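Here's the structure we're looking at; comments come further down.
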Amino acid sequence: MQRVARLAGPAAALAVAAFAARADDPPQLPPVEVIGRYENEVGVWDSASQGAVTRDGIEKRPLLRPGEVLEAVPGMVVTQHSGDGKANQYFLRGYNLDHGTDFATWVAGMPVNMPTHAHGQGYTDLNFLIPELVSRVLYNKGPYFAQDGDFASVGSARIQYVDRLPANIATLTGGSWEYARALLAGSPEVGRGSLVYAFEYQHSNGPWENPANFNKYNGVLRYAQGTPANGFNVTAMAYSASWNSTDQIPQRAVDQGLIGYYGAIDPTDGGNSSRYSLSGEWRQSDGNVSRAASLYAIRSRLNLYSNFTFFLDNPVNGDQFQQAENRTVFGGDFSQTWFAHWGERHMWNTVGLQLRRDRLSPVALYSTEARERLATVREDNATVGNAALYASNTIEWTSWLRTILGLRADFFRFDVSSNVPENSGKNSDSIVSPKASVILGPWRDTEYFLNWGQGFHSNDARGTTITVDPKTGEPVQPVDALVRTVGYEVGLRSHPLPGLTTSLALWRLKQDSELLFVGDAGTTEPSRPSQRTGVEWVLQYVPRPWLAFDLTAAATRARFTDENPAGNRIPGAPDAVVSAGATVDNVDGWFGSLRYRYFGQRALVEDNTVRSQSTTQWNGRIGYMFAPKIRAWLDVFNVFNSKSHDIDYYYVSRLPGEPPEGVADRHFHPVESRAFRLSVSVAY
């Protein structure tokens, strides 16, 4: 049974738990012990920093935004530097992941990261996510697992949707700043399976002096049949949103009284986006073999209007620009696992094929004023194709020693047709990524892990073919298509007391170059090689069935590794993150939670002479179940009304009347002020 338990981790998600059908094993998986609303037990996972967050763990969290579901991943920080309809900012393991680069995310079997995106490579917009439909979140950290490819160097998360809801629900929420949300969801039995439906509307103005006027329409239809080992699902999603943005603002404008703390320099910033998808997943178990397949088609659009430098480049019309794209994505994932014996040793082998094609027609950058186009900076049609083959071998040598060897090969092809003919072209590249892990134990309910792996992230297709700066006309060098990363990790996971699980990981991640295409400027900007070293401690404790605690503490040292007089600090890299929570469930009908998050200081320039402030925030929930099918709860965000910042940058901008060369200043986006949201939910 020990082998079966271990396979219940993320690697097993790809094999779809079909090993349970083996004739020589018990037909059912052992029960999973949930610690602190996490699946974090000893004897299951392949590294100290793997795990899963349960549906119960997601439901108990007060969520300001849908993307904060990822804050259930220990050490992850999710913030925002613009309007609610834009992808969040993500931070993990000393990385400012921007809008998703180097952290890969899937929802219902579909990749969310978008390569060659109008605003940023790996753009991860989770605003279409409906938290009530999440069944669990499987997460990995580090480039140690063969099934993870592009954008997964720091980690990955697979957000799974339910095949069946416990009950049909209707939820209404109202709160501060004209916040309103309505959700209707259910899962009637249809034929031999279940149909899950959900329809959501949301509106909010936020605390901003320029009201956000955020409006979101969201829908999901999902049909599922069978079991986790033998079954299928088909999912259709539709999402549309529009908003006004209060982007980051210069500190001097607030100090001089030009705008308020929640004010905006350019009130016409904002955007609209849409996403439509159709996907399917299939699983089959047949004796000693399990198979899984998924297919998806995604159609998305984005129009984003931003102005970060105000009047630096254009003193008359201002520096607002529009980033726009129309994208069509087709792809699929196919894998097969064989379970066998090598002598007396258990062994299983997995092979997989992943295919993806992104077509952008166009992806563009325009200069604008009040959302009216003034000029075209660049406009491209681009195609990005990716094919990957991967294989892994796991051998259980003894009851206390297991090894995993993996190999992944990725092939990319880029095709760019630009309005600047010199920037058109085709490019291709490939990369091979080996992986290896050793798992020791458990001894006295403690297990030890050694992990190593190579990974990568791709760069924007436009950056691989560029030869001329579209703004200045000056020659520029194209960037490498693929950037290598190498990760190391030593860790342990222990279950020292009943109800208590803890894990500790020491890790290092090296990156050859933090090369990025800068969507805000329409040009490429090669960066420097880097290294991050850190420690992460996670603790989950359930002293009573109705009471749970969790704590995560992470510290990171992030440095450029080359010699440069500018300095060796990596701007935006957080030094420390601490998060903690307490949850009470169903004590005489009462339930609630309290969560704390500390987001440490970051260097904002390479020589560390300018640093951000740290951010401390408390969120809480208290609720009561009036009847078995009626409950209400109050969420309070930023309980102590902290004047902290969601994000800080340091760069040159220009306000009216300032010198033509502009002023270097700290620019920040404030944490939203204290807000209340009251929800009433009825099951039917």
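Identifiers in this document derive from the order of the structure tokens: chains are assigned A, B, ..., residues are numbered from 1 separately in each chain, and ligands are numbered from 1 in order of occurrence.
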
>> For Glu189 (chain A), find every residue with an atom within 12 Å (counting only C-alpha atoms), except residues of its own chain fewer than 2 positions away, and show them as a list in words.
In response: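 After dropping sequence-adjacent residues, the list is Asp163, Arg164, Leu165, Ala167, Asn168, Gly186, Ser187, Gly191, Arg192, Gly193, Ser194, Leu195, Val196, Tyr197, Arg222, Tyr223, Ala224 and Gln225 of chain A.
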
Once you have the residues from the selection above, write them out as a short mmCIF file (atom, residue, chain, number, x, y, z; two decimals), in the first residue's frame, restricted to C-alpha atoms.
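Output (out_19.cif):
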```cif
data_model
loop_
_atom_site.label_atom_id
_atom_site.label_comp_id
_atom_site.auth_asym_id
_atom_site.auth_seq_id
_atom_site.Cartn_x
_atom_site.Cartn_y
_atom_site.Cartn_z
CA ASP A 163 -17.24 16.95 -11.82
CA ARG A 164 -20.13 17.22 -9.39
CA LEU A 165 -21.16 19.82 -6.78
CA ALA A 167 -25.45 20.84 -3.82
CA ASN A 168 -26.88 23.43 -6.15
CA GLY A 186 -25.54 23.38 -9.84
CA SER A 187 -24.88 19.85 -11.04
CA GLY A 191 -27.81 10.44 -18.41
CA ARG A 192 -24.96 8.43 -16.88
CA GLY A 193 -23.09 11.54 -15.74
CA SER A 194 -23.39 14.99 -14.19
CA LEU A 195 -23.76 18.41 -15.77
CA VAL A 196 -22.06 21.22 -13.82
CA TYR A 197 -23.24 24.74 -14.64
CA ARG A 222 -19.18 20.93 -17.78
CA TYR A 223 -20.34 17.38 -18.38
CA ALA A 224 -18.56 14.47 -16.67
CA GLN A 225 -18.96 10.72 -16.61
#
```

> Using only C-alpha atoms, which residues sit within 9 Å of region 669-684 of chain A once same-chain residues fewer than 3 positions away are excluded, as number ranges by chain?
Replying inline: A: 79-82, 167-177, 179-181, 186, 206-208, 246-249, 261-262, 615, 617, 628-648

> At what distance in Å, to one decimal, does CA of Gly455 (chain A) lie from CA of Tyr144 (chain A)?
Replying inline: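 Rounded to one decimal, the two atoms are 7.9 Å apart.
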
>> Quick check, in Å to one decimal: how far apart do CA of Tyr448 (chain A) and CA of Asp550 (chain A) lie?
In response: 21.2 Å

>> Applying 6 Å and only C-alpha atoms, which residues near region 587-604 of chain A remain after dropping the ones on its own chain fewer than 4 positions away? List them as a PyMOL selection string.
In response: chain A and resi 571-583+608+610-625+650

Please dump the current selection as a CSV table (one decimal), in the first residue's frame; keep N, CA and C atoms.
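Dumped to out_26.csv:
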```csv
chain,number,residue,atom,x,y,z
A,571,PRO,N,16.0,43.7,-9.1
A,571,PRO,CA,14.8,44.5,-8.7
A,571,PRO,C,13.5,43.7,-8.7
A,572,GLY,N,12.8,44.0,-7.6
A,572,GLY,CA,11.5,43.4,-7.4
A,572,GLY,C,11.5,42.0,-6.7
A,573,ALA,N,12.7,41.5,-6.4
A,573,ALA,CA,12.8,40.2,-5.8
A,573,ALA,C,12.5,40.3,-4.3
A,574,PRO,N,11.5,39.7,-3.7
A,574,PRO,CA,11.2,39.8,-2.3
A,574,PRO,C,12.2,38.9,-1.5
A,575,ASP,N,12.6,39.5,-0.3
A,575,ASP,CA,13.5,38.8,0.6
A,575,ASP,C,12.8,37.8,1.5
A,576,ALA,N,11.6,38.1,1.8
A,576,ALA,CA,10.9,37.2,2.8
A,576,ALA,C,9.4,37.3,2.6
A,577,VAL,N,8.7,36.1,2.8
A,577,VAL,CA,7.3,36.1,2.8
A,577,VAL,C,6.8,35.2,4.0
A,578,VAL,N,5.8,35.7,4.7
A,578,VAL,CA,5.2,34.9,5.8
A,578,VAL,C,3.7,34.9,5.6
A,579,SER,N,3.1,33.8,5.7
A,579,SER,CA,1.6,33.8,5.7
A,579,SER,C,1.2,32.8,6.8
A,580,ALA,N,0.0,33.1,7.4
A,580,ALA,CA,-0.5,32.2,8.4
A,580,ALA,C,-2.0,32.4,8.5
A,581,GLY,N,-2.7,31.3,9.0
A,581,GLY,CA,-4.1,31.4,9.1
A,581,GLY,C,-4.7,30.5,10.1
A,582,ALA,N,-5.8,30.8,10.6
A,582,ALA,CA,-6.6,30.0,11.5
A,582,ALA,C,-8.0,29.8,11.0
A,583,THR,N,-8.5,28.6,11.1
A,583,THR,CA,-9.9,28.4,10.6
A,583,THR,C,-10.7,27.6,11.6
A,608,ASN,N,20.7,48.5,-4.8
A,608,ASN,CA,20.0,48.3,-3.5
A,608,ASN,C,19.9,49.7,-2.7
A,610,VAL,N,17.6,51.9,-3.4
A,610,VAL,CA,16.2,52.2,-3.3
A,610,VAL,C,15.5,50.9,-3.0
A,611,ARG,N,14.7,50.8,-1.9
A,611,ARG,CA,14.0,49.6,-1.6
A,611,ARG,C,12.5,49.9,-1.4
A,612,SER,N,11.7,48.9,-1.6
A,612,SER,CA,10.3,49.0,-1.3
A,612,SER,C,10.0,48.9,0.2
A,613,GLN,N,8.9,49.3,0.6
A,613,GLN,CA,8.4,49.0,1.9
A,613,GLN,C,7.9,47.6,2.0
A,614,SER,N,7.8,47.1,3.2
A,614,SER,CA,7.2,45.8,3.4
A,614,SER,C,5.7,46.0,3.5
A,615,THR,N,4.9,44.9,3.3
A,615,THR,CA,3.5,44.9,3.3
A,615,THR,C,2.9,43.9,4.3
A,616,THR,N,2.1,44.4,5.2
A,616,THR,CA,1.4,43.5,6.1
A,616,THR,C,-0.1,43.7,6.0
A,617,GLN,N,-0.8,42.5,5.9
A,617,GLN,CA,-2.2,42.6,5.7
A,617,GLN,C,-2.9,41.5,6.4
A,618,TRP,N,-4.1,41.8,7.0
A,618,TRP,CA,-5.0,40.8,7.6
A,618,TRP,C,-6.3,40.8,6.9
A,619,ASN,N,-6.8,39.6,6.6
A,619,ASN,CA,-8.1,39.4,6.1
A,619,ASN,C,-8.9,38.4,7.0
A,620,GLY,N,-10.2,38.6,7.1
A,620,GLY,CA,-11.0,37.8,8.0
A,620,GLY,C,-12.4,37.4,7.5
A,621,ARG,N,-12.9,36.4,8.1
A,621,ARG,CA,-14.3,36.0,7.7
A,621,ARG,C,-15.0,35.5,9.0
A,622,ILE,N,-16.3,35.8,9.1
A,622,ILE,CA,-17.1,35.2,10.2
A,622,ILE,C,-18.5,34.9,9.5
A,623,GLY,N,-19.0,33.7,9.8
A,623,GLY,CA,-20.3,33.3,9.2
A,623,GLY,C,-21.1,32.5,10.1
A,624,TYR,N,-22.3,32.3,9.7
A,624,TYR,CA,-23.3,31.4,10.5
A,624,TYR,C,-24.2,30.7,9.6
A,625,MET,N,-24.4,29.4,9.9
A,625,MET,CA,-25.3,28.6,9.2
A,625,MET,C,-26.7,28.6,9.9
A,650,TYR,N,10.7,51.6,-9.4
A,650,TYR,CA,11.5,52.8,-9.4
A,650,TYR,C,11.9,53.1,-10.8
```

>> Taking 6 positions as the minimum chain separation for residues in the same chain, which residues sit within 10 Å of Ala241 (chain A) when counting only C-alpha atoms? Answer as a ChimeraX atom specification.
In response: /A:84-86,127-128,201-203,214-218,271-275,302

Kindly save the residues from that selection, with C-alpha atoms included, as a PDB file, in the first residue's frame.
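New file part08.pdb:
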```
ATOM      1  CA  ASP A  84      -9.186  44.264 -11.668  1.00  0.00           C
ATOM      2  CA  GLY A  85      -9.597  42.906 -15.197  1.00  0.00           C
ATOM      3  CA  LYS A  86      -5.850  42.683 -15.755  1.00  0.00           C
ATOM      4  CA  ASN A 127     -10.164  36.411 -13.730  1.00  0.00           C
ATOM      5  CA  PHE A 128     -12.286  33.771 -15.484  1.00  0.00           C
ATOM      6  CA  TYR A 201     -21.828  38.421 -12.662  1.00  0.00           C
ATOM      7  CA  GLN A 202     -19.592  40.841 -10.772  1.00  0.00           C
ATOM      8  CA  HIS A 203     -19.340  44.615 -10.471  1.00  0.00           C
ATOM      9  CA  PHE A 214     -15.381  46.676 -13.370  1.00  0.00           C
ATOM     10  CA  ASN A 215     -18.020  44.446 -14.933  1.00  0.00           C
ATOM     11  CA  LYS A 216     -17.538  40.715 -15.407  1.00  0.00           C
ATOM     12  CA  TYR A 217     -19.753  38.098 -17.029  1.00  0.00           C
ATOM     13  CA  ASN A 218     -18.698  34.474 -16.622  1.00  0.00           C
ATOM     14  CA  GLY A 271      -9.286  47.782 -20.850  1.00  0.00           C
ATOM     15  CA  ASN A 272     -11.504  44.920 -21.869  1.00  0.00           C
ATOM     16  CA  SER A 273     -10.870  41.226 -22.335  1.00  0.00           C
ATOM     17  CA  SER A 274     -12.675  38.032 -23.251  1.00  0.00           C
ATOM     18  CA  ARG A 275     -11.944  34.324 -23.194  1.00  0.00           C
ATOM     19  CA  LEU A 302      -7.398  41.821 -24.937  1.00  0.00           C
TER      20      LEU A 302
END
```

> Mind pulling up the distance from CA of Leu539 (chain A) to CA of Ala505 (chain A)?
Replying inline: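 Those two atoms sit 12.0 Å apart.
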
> Could you pull the residues within 12 Å of region 319-322 of chain A, counting only C-alpha atoms, minus those fewer than 3 positions along the same chain, as number ranges by chain?
Replying inline: A: 118-119, 247, 265-272, 302-316, 325, 363-379, 519-522, 653-655

>> Nearest residue to Glu658 (chain A) out of A:Ala87, A:Ala253, A:Val605, A:Ala212, using only C-alpha atoms?
In response: A:Ala253
